[in-house]
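**Q** The structure that follows is given in the form of structure tokens.
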Amino acid sequence: MVVLVCYTASALLGADTSDLGGGGVPHNGSFVIYYWGMYSAFWVAVLGPLLMAAPLLRDIRTKMAPLVYTTPISKEGYFWGKYMAGMVITVMVMMSVPVTIIVIPWIAHALGGGQMFGHFTLWNHIGWTTVIWVLPACFIYGSIHFALAARSGRLLFCYGFALLSMAVFTLFFVSFKASAGHHTWVELIDPIGKQTLDAQALFWSMPERTAHFLSPSMILISNRILWITIGAICLIWGAASFRLEDMLNKGRKSSPSSSHRKHPPRPLFYIKSDSRLGLLLHLASIHWSATIRLPVFRVIVAALVVLGLTSAWGAESAYALPENQMRPYAQYLFTVVQPSLYMILAMAMIYFAGEIAARDRESKMLSLISATSVPGNVLIGGRLIAIMYMALLFSLLPSLSIIIFQFSNGFLETEPQHFIRSIFLHLFLPLIEFGALTLALDLLTHKKLFAQGLPLILLWGGIAMHETGTINERLALFGVPQPMIFSAFSVLDADTWRHLLYAAWWLGIVGIIVVLASHIDLRGEQKPLYIRIRHITIKWPACTSIAAMLIVTLTAGATIHRNLYEVNDTQSLQEDYRDQALYEQLYGQWRNQPRPLITEMALATSVNPAKGLLTTQGKWTVSNPDSNPITAILVNIPENSRLKLANKSLGLSLRHDDHRERVQIYRFDHPLAAGDKTTIDFTLHSRWQGFVDGAFAWPIGRDVVILDNNAFPRLNYDRKRELAETNERFRHHLPSRPLPVDDPSRSTLNDSAGRVAIDIKISAPSDFHLYTSGISSTEQIHDGQHILEAKADNAPLDPLIIAVKGVEKKQLLWRHPKSAPIPISFTFRKNHGQALDAISKETLLVLDHLARRFGSPPFQALNIVETPQFIDEEALAEARSSGSLLYIPERRGWLHDMRRPQARAYLTFTLGREMGRSWYHARFLAPSSPHAMAMEEGFPIALGLEAVATQYDQKTTSDFLGILQEKQQKMKAASKILPRNPSDITDQPYAALQTGIDLFYRWHPDFKIDSNNHKN
């Protein structure tokens, strides 16, 4: 019950509920209530052996069967009495789900809010959820478990059914994805009812998700009746086949006096008395052998393997989606399988570590073992090594599941790094931490329940804090030992050094506790803790161990702290919200102030990747398009930067410098009159880290640096820094976010830009390749520096600069009757060229299509560059273009097997979207308006779809459109604003996607989507 309360509470407060509801739905809205109520069936199926079957078999386990045999009780009375008792307990436990849904909003409201209705409770929705989901789940799965136990007299079949249920549930969760086109039979036979619920609730709008009532549709009622009937049939079968005499006879035969079975003697291992290491390993093997012989251990291991296989099977269907195919196959499987198993692995580790720690005490052998001459540290060390064996076995299970699945499909990815990282970095070290902590707590308290319960509370509490944003990188150092799966920066691709630092931090802490506990534990004496502490004696080897672990812990903690706060300036999600709100509160009035318009920009940037330093000498030529004079300007400064502005003609002085919000305000000594122009010089010094990604060999951007608008100062108030989340705006006392104003003189890319002339000069060490977004460029090597100069006229204010080393470069020439020849260069990591043929072929085809549509390209050369996948260790990079430069992250194309048609189609879509963006920006740059962002992103999406339709057959294009349409429908249903306002900048992805699809159908009105696969 405690576990269910903790889980439901953390789920209601956490990011999973935000994702489930769509961000704008209260966490106790009707949509959320129905889904968490539906999930209760999973818990009944999993906990059924303990709640329903174990009470029935308790008389056998406790040797009370012979006593019951002497009483005049009928088999019907025994059967139904046990059944009713188990059902009452099951219902009481499962009612913790709706009770938590009722209570948590009141607590959240008392503590200051959250995305809740406050103290308002949707009683009708909670009651309907209990009637339609919770109570039927108790009856269905409780009856099946009870019938299996009554028929067999063993728990093993119940564990097997729990295993089967988890596999089937996983199948329906991940294989039959919620969609607009799933079949009625899937909804009818779904044992958990998710597909039946999805058929109604998934496409509710945001207002409907708040308080809409789930309709008792025919398919919903039929699904519930079908499974209630199945539960009733199993219960009747169990009652009919139940034999009280057989069960009681099993109880009598299981007593020691009636057991005549002879067991073969276990072989003895003879060890020299002075071989402490051999004795240590022997004790570990004894504990390990006793653990793996337990039926529950074998069932859990089998269950985890089957769960991994079903998760991988579901991931296989999801891998057909084009955006997922841009990852290596095994890595994508790990992103699905490992998080789904980690929580169960950690809980199993805690449970069995507690069993190992308490085995001697519970078997009444502690005093006998303590009387031997075996050193105490050897006794404890044997248990610890057995726990390490178990951690290694559990760590292998996700990899084993994926290998089995890949072999069954006839394809095994040959790169082993994904498996090694999963086994040792993501699972083995955290599981050791949980197991060792459980052992230490048992040594301290001699209470198995406490030793197992506290780590479980830490596990669930840590998950809850990560999910709610309480521990979001800011407090990650003090979080519970986890493989960072639940934190914002916990991508499976996080660098190895970071994983090792967190492992060192937590292993040091847990190691110190274990050493202290081993000296506090007095062998064979069950004395209170305070008495044992008074008699503690720690010798110098233990002190040395504690000192060494303390040094490791403090060193790792200091390094993590430095990386979080000094290098990356990490903030929690709530701190980000607070900063966004503060920016708007302090500088929101600048929205309506006269603002200068940039007409020319010059950048001279020097990059020192080895030191992570960036120096820029720049110049803006600005004009005043307003009818009023401009007396002051606001400048947004990049992170970790120092900026200085100067103006010789009018004079410019710094009046406000906000380091926290990275804003400076300068005042002109002489106002900039309406229609006048002036030049502003600036000097920028930045500590720039660029990309941090292990796949490019080194962290801290030493191999690649990417600079865009975020790396340079931005003139005028920045709407992109406003707080967009509706509920968070209300919490920070901000009004509804105003739409952008119509301003034909400005570009939607940047409030300070229209059409500009750009002059870029960049220098870096000579072993770096340099690329920039200019239309024409020249380059040279001088004094060990590689210097690139580029220019562009009438271009958007969207500079893009890339410096990269350790790469190969291939060139080809594109020819077309409507254009001069265009050289195309492909730059990629040395061992990543296997997809080059596919990428170059698709590039030429897309260029042919765009040239037929628009004429000659707006650039004299095209550079396509591979970049790492993650920006600043956490932000997933997307392909992006500006002018003549296009970069594609490594796992969006370069590292994937392009033999799959879906992968090639997605690559075509990406190339068509991004190269089409260059044509679009060169000719049709959208002016600033409420609809600008939707058009700015939507037009390239339509061009990408058109490229797919041009190059591929009807079915491939139909599948692609169906995926995007379904995604658009879900985004529309989960929108924070009403669907009639798709162009609001607060919902840009939805607006852009809808605009792109609408444009494509406008260009191709006769195109028909395949109705067999997707519904319009």
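So you can find residues: chains in the structure tokens are A, B, ... in the order shown, residues in each start at 1, and ligands are numbered from 1 in order.
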Near range 586-590 of chain A, counting only C-alpha atoms, which residues have an atom at most 10 Å away, once you skip same-chain residues fewer than 4 positions from it, shown as a list in words?

**A**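 Residues near the query, excluding close chain neighbours: Ala581, Leu582, Pro594, Arg595, Ile633, Leu634, Glu661, Val663, Asn716, Tyr717, Asp718, Arg719 and Glu722 of chain A.
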
**Q** Just the selected residues (all heavy atoms), exported as an mmCIF file, in the first residue's frame, please.

**A**
```cif
data_model
loop_
_atom_site.group_PDB
_atom_site.id
_atom_site.type_symbol
_atom_site.label_atom_id
_atom_site.label_comp_id
_atom_site.auth_asym_id
_atom_site.auth_seq_id
_atom_site.Cartn_x
_atom_site.Cartn_y
_atom_site.Cartn_z
ATOM 1 N N ALA A 581 10.177 34.163 -15.989
ATOM 2 C CA ALA A 581 9.176 35.097 -15.467
ATOM 3 C C ALA A 581 9.819 36.409 -15.048
ATOM 4 O O ALA A 581 9.279 37.497 -15.303
ATOM 5 C CB ALA A 581 8.443 34.459 -14.284
ATOM 6 N N LEU A 582 10.982 36.328 -14.420
ATOM 7 C CA LEU A 582 11.661 37.543 -13.974
ATOM 8 C C LEU A 582 12.094 38.399 -15.161
ATOM 9 O O LEU A 582 12.002 39.635 -15.112
ATOM 10 C CB LEU A 582 12.875 37.159 -13.121
ATOM 11 C CG LEU A 582 13.632 38.311 -12.451
ATOM 12 C CD1 LEU A 582 12.707 39.089 -11.517
ATOM 13 C CD2 LEU A 582 14.844 37.785 -11.679
ATOM 14 N N PRO A 594 10.373 51.933 -28.897
ATOM 15 C CA PRO A 594 11.016 52.014 -30.220
ATOM 16 C C PRO A 594 12.292 51.184 -30.230
ATOM 17 O O PRO A 594 13.110 51.272 -29.321
ATOM 18 C CB PRO A 594 11.306 53.515 -30.370
ATOM 19 C CG PRO A 594 10.354 54.185 -29.445
ATOM 20 C CD PRO A 594 10.169 53.260 -28.291
ATOM 21 N N ARG A 595 12.458 50.368 -31.267
ATOM 22 C CA ARG A 595 13.572 49.438 -31.321
ATOM 23 C C ARG A 595 14.360 49.627 -32.608
ATOM 24 O O ARG A 595 13.764 49.788 -33.687
ATOM 25 C CB ARG A 595 13.067 47.994 -31.262
ATOM 26 C CG ARG A 595 12.363 47.624 -29.978
ATOM 27 C CD ARG A 595 11.649 46.293 -30.135
ATOM 28 N NE ARG A 595 10.579 46.385 -31.127
ATOM 29 C CZ ARG A 595 9.947 45.341 -31.659
ATOM 30 N NH1 ARG A 595 10.304 44.119 -31.302
ATOM 31 N NH2 ARG A 595 8.997 45.494 -32.548
ATOM 32 N N ILE A 633 18.837 51.258 -25.776
ATOM 33 C CA ILE A 633 18.726 49.936 -26.389
ATOM 34 C C ILE A 633 18.946 48.867 -25.324
ATOM 35 O O ILE A 633 19.679 49.066 -24.361
ATOM 36 C CB ILE A 633 19.739 49.740 -27.532
ATOM 37 C CG1 ILE A 633 21.172 49.975 -27.049
ATOM 38 C CG2 ILE A 633 19.401 50.636 -28.721
ATOM 39 C CD1 ILE A 633 22.220 49.645 -28.080
ATOM 40 N N LEU A 634 18.271 47.742 -25.511
ATOM 41 C CA LEU A 634 18.414 46.582 -24.625
ATOM 42 C C LEU A 634 19.173 45.499 -25.384
ATOM 43 O O LEU A 634 18.864 45.205 -26.548
ATOM 44 C CB LEU A 634 17.046 46.080 -24.182
ATOM 45 C CG LEU A 634 17.002 44.878 -23.232
ATOM 46 C CD1 LEU A 634 15.837 45.000 -22.255
ATOM 47 C CD2 LEU A 634 16.865 43.548 -23.998
ATOM 48 N N GLU A 661 20.132 37.969 -15.265
ATOM 49 C CA GLU A 661 19.282 37.802 -16.446
ATOM 50 C C GLU A 661 20.038 38.025 -17.747
ATOM 51 O O GLU A 661 19.455 37.928 -18.828
ATOM 52 C CB GLU A 661 18.085 38.771 -16.374
ATOM 53 C CG GLU A 661 17.134 38.488 -15.234
ATOM 54 C CD GLU A 661 16.544 37.094 -15.319
ATOM 55 O OE1 GLU A 661 16.155 36.679 -16.437
ATOM 56 O OE2 GLU A 661 16.491 36.410 -14.282
ATOM 57 N N VAL A 663 21.353 40.756 -19.165
ATOM 58 C CA VAL A 663 20.774 41.883 -19.904
ATOM 59 C C VAL A 663 21.573 43.138 -19.590
ATOM 60 O O VAL A 663 21.918 43.397 -18.422
ATOM 61 C CB VAL A 663 19.285 42.091 -19.529
ATOM 62 C CG1 VAL A 663 18.763 43.405 -20.107
ATOM 63 C CG2 VAL A 663 18.440 40.927 -20.032
ATOM 64 N N ASN A 716 17.564 44.082 -28.634
ATOM 65 C CA ASN A 716 16.138 44.261 -28.358
ATOM 66 C C ASN A 716 15.562 43.146 -27.489
ATOM 67 O O ASN A 716 16.186 42.092 -27.290
ATOM 68 C CB ASN A 716 15.318 44.384 -29.648
ATOM 69 C CG ASN A 716 15.725 45.587 -30.469
ATOM 70 O OD1 ASN A 716 16.127 46.617 -29.920
ATOM 71 N ND2 ASN A 716 15.633 45.464 -31.782
ATOM 72 N N TYR A 717 14.366 43.392 -26.989
ATOM 73 C CA TYR A 717 13.647 42.446 -26.138
ATOM 74 C C TYR A 717 13.443 41.131 -26.886
ATOM 75 O O TYR A 717 13.061 41.113 -28.052
ATOM 76 C CB TYR A 717 12.313 43.049 -25.730
ATOM 77 C CG TYR A 717 11.472 42.172 -24.840
ATOM 78 C CD1 TYR A 717 11.730 42.083 -23.477
ATOM 79 C CD2 TYR A 717 10.414 41.429 -25.370
ATOM 80 C CE1 TYR A 717 10.959 41.275 -22.659
ATOM 81 C CE2 TYR A 717 9.637 40.619 -24.564
ATOM 82 C CZ TYR A 717 9.911 40.545 -23.207
ATOM 83 O OH TYR A 717 9.147 39.758 -22.400
ATOM 84 N N ASP A 718 13.684 40.003 -26.214
ATOM 85 C CA ASP A 718 13.646 38.678 -26.838
ATOM 86 C C ASP A 718 12.419 37.920 -26.371
ATOM 87 O O ASP A 718 12.348 37.455 -25.229
ATOM 88 C CB ASP A 718 14.928 37.912 -26.474
ATOM 89 C CG ASP A 718 15.075 36.629 -27.277
ATOM 90 O OD1 ASP A 718 14.145 36.294 -28.029
ATOM 91 O OD2 ASP A 718 16.123 35.971 -27.144
ATOM 92 N N ARG A 719 11.444 37.755 -27.257
ATOM 93 C CA ARG A 719 10.228 37.021 -26.896
ATOM 94 C C ARG A 719 10.498 35.551 -26.590
ATOM 95 O O ARG A 719 9.756 34.919 -25.847
ATOM 96 C CB ARG A 719 9.208 37.109 -28.037
ATOM 97 C CG ARG A 719 8.370 38.370 -28.051
ATOM 98 C CD ARG A 719 7.314 38.285 -29.136
ATOM 99 N NE ARG A 719 6.503 37.095 -29.012
ATOM 100 C CZ ARG A 719 5.396 37.003 -28.270
ATOM 101 N NH1 ARG A 719 4.997 38.046 -27.558
ATOM 102 N NH2 ARG A 719 4.710 35.881 -28.228
ATOM 103 N N GLU A 722 10.607 34.554 -22.950
ATOM 104 C CA GLU A 722 9.416 34.692 -22.110
ATOM 105 C C GLU A 722 8.965 33.330 -21.582
ATOM 106 O O GLU A 722 9.292 32.276 -22.143
ATOM 107 C CB GLU A 722 8.282 35.339 -22.901
ATOM 108 C CG GLU A 722 8.496 36.798 -23.227
ATOM 109 C CD GLU A 722 7.337 37.401 -23.980
ATOM 110 O OE1 GLU A 722 6.498 36.637 -24.513
ATOM 111 O OE2 GLU A 722 7.257 38.635 -24.053
#
```

**Q** Fewer than 6 positions away in the same chain doesn't count, so skip those; otherwise give me all residues within 9 Å of range 430-438 of chain A, counting only C-alpha atoms, as an MDAnalysis selection string.

**A** chainID A and resid 345:347 349:354 357 384 387:388 390:392 394:395 448 450:456 459 481:483 503 506:507 510:511 513:514

**Q** Please identify all polymer residues within 10 Å of Ile420 in chain A, counting only C-alpha atoms, omitting same-chain residues fewer than 5 positions from it, and present them as a PyMOL selection string.

**A** chain A and resi 396+399+415+425-426

**Q** Could those selected residues go to a file with N, CA and C atoms, as a short mmCIF file (atom, residue, chain, number, x, y, z; two decimals), in the first residue's frame?

**A**
```
data_model
loop_
_atom_site.label_atom_id
_atom_site.label_comp_id
_atom_site.auth_asym_id
_atom_site.auth_seq_id
_atom_site.Cartn_x
_atom_site.Cartn_y
_atom_site.Cartn_z
N LEU A 396 22.95 -7.75 -16.49
CA LEU A 396 23.04 -8.42 -17.78
C LEU A 396 21.69 -8.65 -18.43
N SER A 399 20.55 -6.40 -21.52
CA SER A 399 21.38 -6.73 -22.69
C SER A 399 21.04 -8.11 -23.23
N GLU A 415 28.49 -3.12 -32.82
CA GLU A 415 29.19 -2.21 -31.93
C GLU A 415 28.84 -2.53 -30.48
N LEU A 425 27.86 0.88 -16.57
CA LEU A 425 27.64 2.27 -16.15
C LEU A 425 26.22 2.52 -15.67
N HIS A 426 25.25 2.03 -16.43
CA HIS A 426 23.87 2.39 -16.14
C HIS A 426 23.23 1.54 -15.07
#
```

**Q** Which one of A:Gly376, A:Pro638, A:Gly996, A:Gly675 sits closest to Pro625 in chain A if you count only C-alpha atoms?

**A**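 Once distances to Pro625 in chain A are computed over only C-alpha atoms, the minimum belongs to A:Gly675.
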
**Q** Nearest to Phe42 in chain A: which of A:Trp288, A:Trp133, A:Tyr771, A:Phe405 is it, counting only C-alpha atoms?

**A**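 Residue with the minimum atom-to-atom distance to Phe42 in chain A: A:Trp133.
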
**Q** When you count only C-alpha atoms, which of these residues is closest to Pro857 in chain A: A:Pro765, A:Pro889, A:Gly916, A:Pro940?

**A**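 Answer, going by the shortest atom-to-atom distance: A:Gly916.
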
**Q** Considering only C-alpha atoms, can you say which of A:Leu441, A:Ile706, A:Leu739, A:Leu945 comes closest to Val865 in chain A?

**A** A:Ile706

**Q** Which residues in range 729-971 of chain A does DSSP call helix (DSSP H, G or I)? List them as a PyMOL selection string.

**A** chain A and resi 729-731+833-854+890-892+901-923+932-951+954-971

**Q** If we count only C-alpha atoms and set the cut-off at 12 Å, which residues sit around Asp798 in chain A, ignoring sequence neighbours fewer than 6 positions away in its own chain? Please answer as a PyMOL selection string.

**A** chain A and resi 601+707-712+714+747-758+760+772-774+792+880-885+917-918+921-922+925

**Q** Save out the residues we just selected, C-alpha atoms, as a PDB file, in the first residue's frame.

**A**
```
ATOM      1  CA  MET A 601      26.279  42.898 -39.329  1.00  0.00           C
ATOM      2  CA  LEU A 707      27.901  28.891 -33.003  1.00  0.00           C
ATOM      3  CA  ASP A 708      24.502  30.345 -33.821  1.00  0.00           C
ATOM      4  CA  ASN A 709      22.456  33.311 -32.648  1.00  0.00           C
ATOM      5  CA  ASN A 710      22.711  32.096 -29.059  1.00  0.00           C
ATOM      6  CA  ALA A 711      26.494  32.577 -29.131  1.00  0.00           C
ATOM      7  CA  PHE A 712      26.297  36.285 -29.995  1.00  0.00           C
ATOM      8  CA  ARG A 714      20.999  39.859 -29.455  1.00  0.00           C
ATOM      9  CA  SER A 747      11.830  39.225 -39.648  1.00  0.00           C
ATOM     10  CA  THR A 748      10.245  36.553 -37.518  1.00  0.00           C
ATOM     11  CA  LEU A 749      13.713  35.065 -36.919  1.00  0.00           C
ATOM     12  CA  ASN A 750      14.693  37.941 -34.668  1.00  0.00           C
ATOM     13  CA  ASP A 751      12.857  41.038 -33.520  1.00  0.00           C
ATOM     14  CA  SER A 752      15.865  43.155 -34.452  1.00  0.00           C
ATOM     15  CA  ALA A 753      16.203  41.826 -38.026  1.00  0.00           C
ATOM     16  CA  GLY A 754      14.829  42.259 -41.470  1.00  0.00           C
ATOM     17  CA  ARG A 755      17.063  41.713 -44.479  1.00  0.00           C
ATOM     18  CA  VAL A 756      20.701  42.217 -43.567  1.00  0.00           C
ATOM     19  CA  ALA A 757      24.140  42.165 -45.145  1.00  0.00           C
ATOM     20  CA  ILE A 758      26.385  39.768 -43.194  1.00  0.00           C
ATOM     21  CA  ILE A 760      31.680  36.858 -41.137  1.00  0.00           C
ATOM     22  CA  THR A 772      29.739  29.285 -42.102  1.00  0.00           C
ATOM     23  CA  SER A 773      26.391  30.249 -43.550  1.00  0.00           C
ATOM     24  CA  GLY A 774      27.650  32.906 -45.964  1.00  0.00           C
ATOM     25  CA  ALA A 792      25.909  37.295 -47.723  1.00  0.00           C
ATOM     26  CA  ARG A 880      19.534  22.688 -39.196  1.00  0.00           C
ATOM     27  CA  SER A 881      20.501  24.899 -42.116  1.00  0.00           C
ATOM     28  CA  SER A 882      21.403  28.508 -42.739  1.00  0.00           C
ATOM     29  CA  GLY A 883      22.464  29.772 -46.125  1.00  0.00           C
ATOM     30  CA  SER A 884      24.967  27.381 -47.684  1.00  0.00           C
ATOM     31  CA  LEU A 885      25.561  25.351 -44.499  1.00  0.00           C
ATOM     32  CA  ARG A 917      14.582  26.597 -45.795  1.00  0.00           C
ATOM     33  CA  SER A 918      17.589  28.209 -47.479  1.00  0.00           C
ATOM     34  CA  HIS A 921      14.734  32.452 -46.371  1.00  0.00           C
ATOM     35  CA  ALA A 922      16.462  33.823 -49.451  1.00  0.00           C
ATOM     36  CA  LEU A 925      11.380  35.532 -45.337  1.00  0.00           C
TER      37      LEU A 925
END
```

**Q** Tell me, as a PDB file with C-alpha atoms, in the first residue's frame, which residues lie within 7 Å of Gly855 in chain A, counting only C-alpha atoms; anything in the same chain fewer than 3 positions away does not count.

**A**
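The result, written out as part-v5.pdb:
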```
ATOM      1  CA  LYS A 818      18.725  25.778 -64.592  1.00  0.00           C
ATOM      2  CA  ALA A 851      15.780  23.623 -58.628  1.00  0.00           C
ATOM      3  CA  ARG A 852      12.785  22.567 -60.723  1.00  0.00           C
TER       4      ARG A 852
END
```

**Q** Just checking: using only C-alpha atoms, which residue out of A:Ala905, A:Ile402, A:Ala604, A:Ile680 ends up closest to Lys955 in chain A?

**A**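 Closest to Lys955 in chain A of all the choices is A:Ala905.
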
**Q** Hey, which of A:Leu148, A:Ala54, A:Ala949, A:Leu836 ends up closest to Lys810 in chain A? Count only C-alpha atoms.

**A**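 Looking at the shortest contact to Lys810 in chain A, the residue is A:Leu836.
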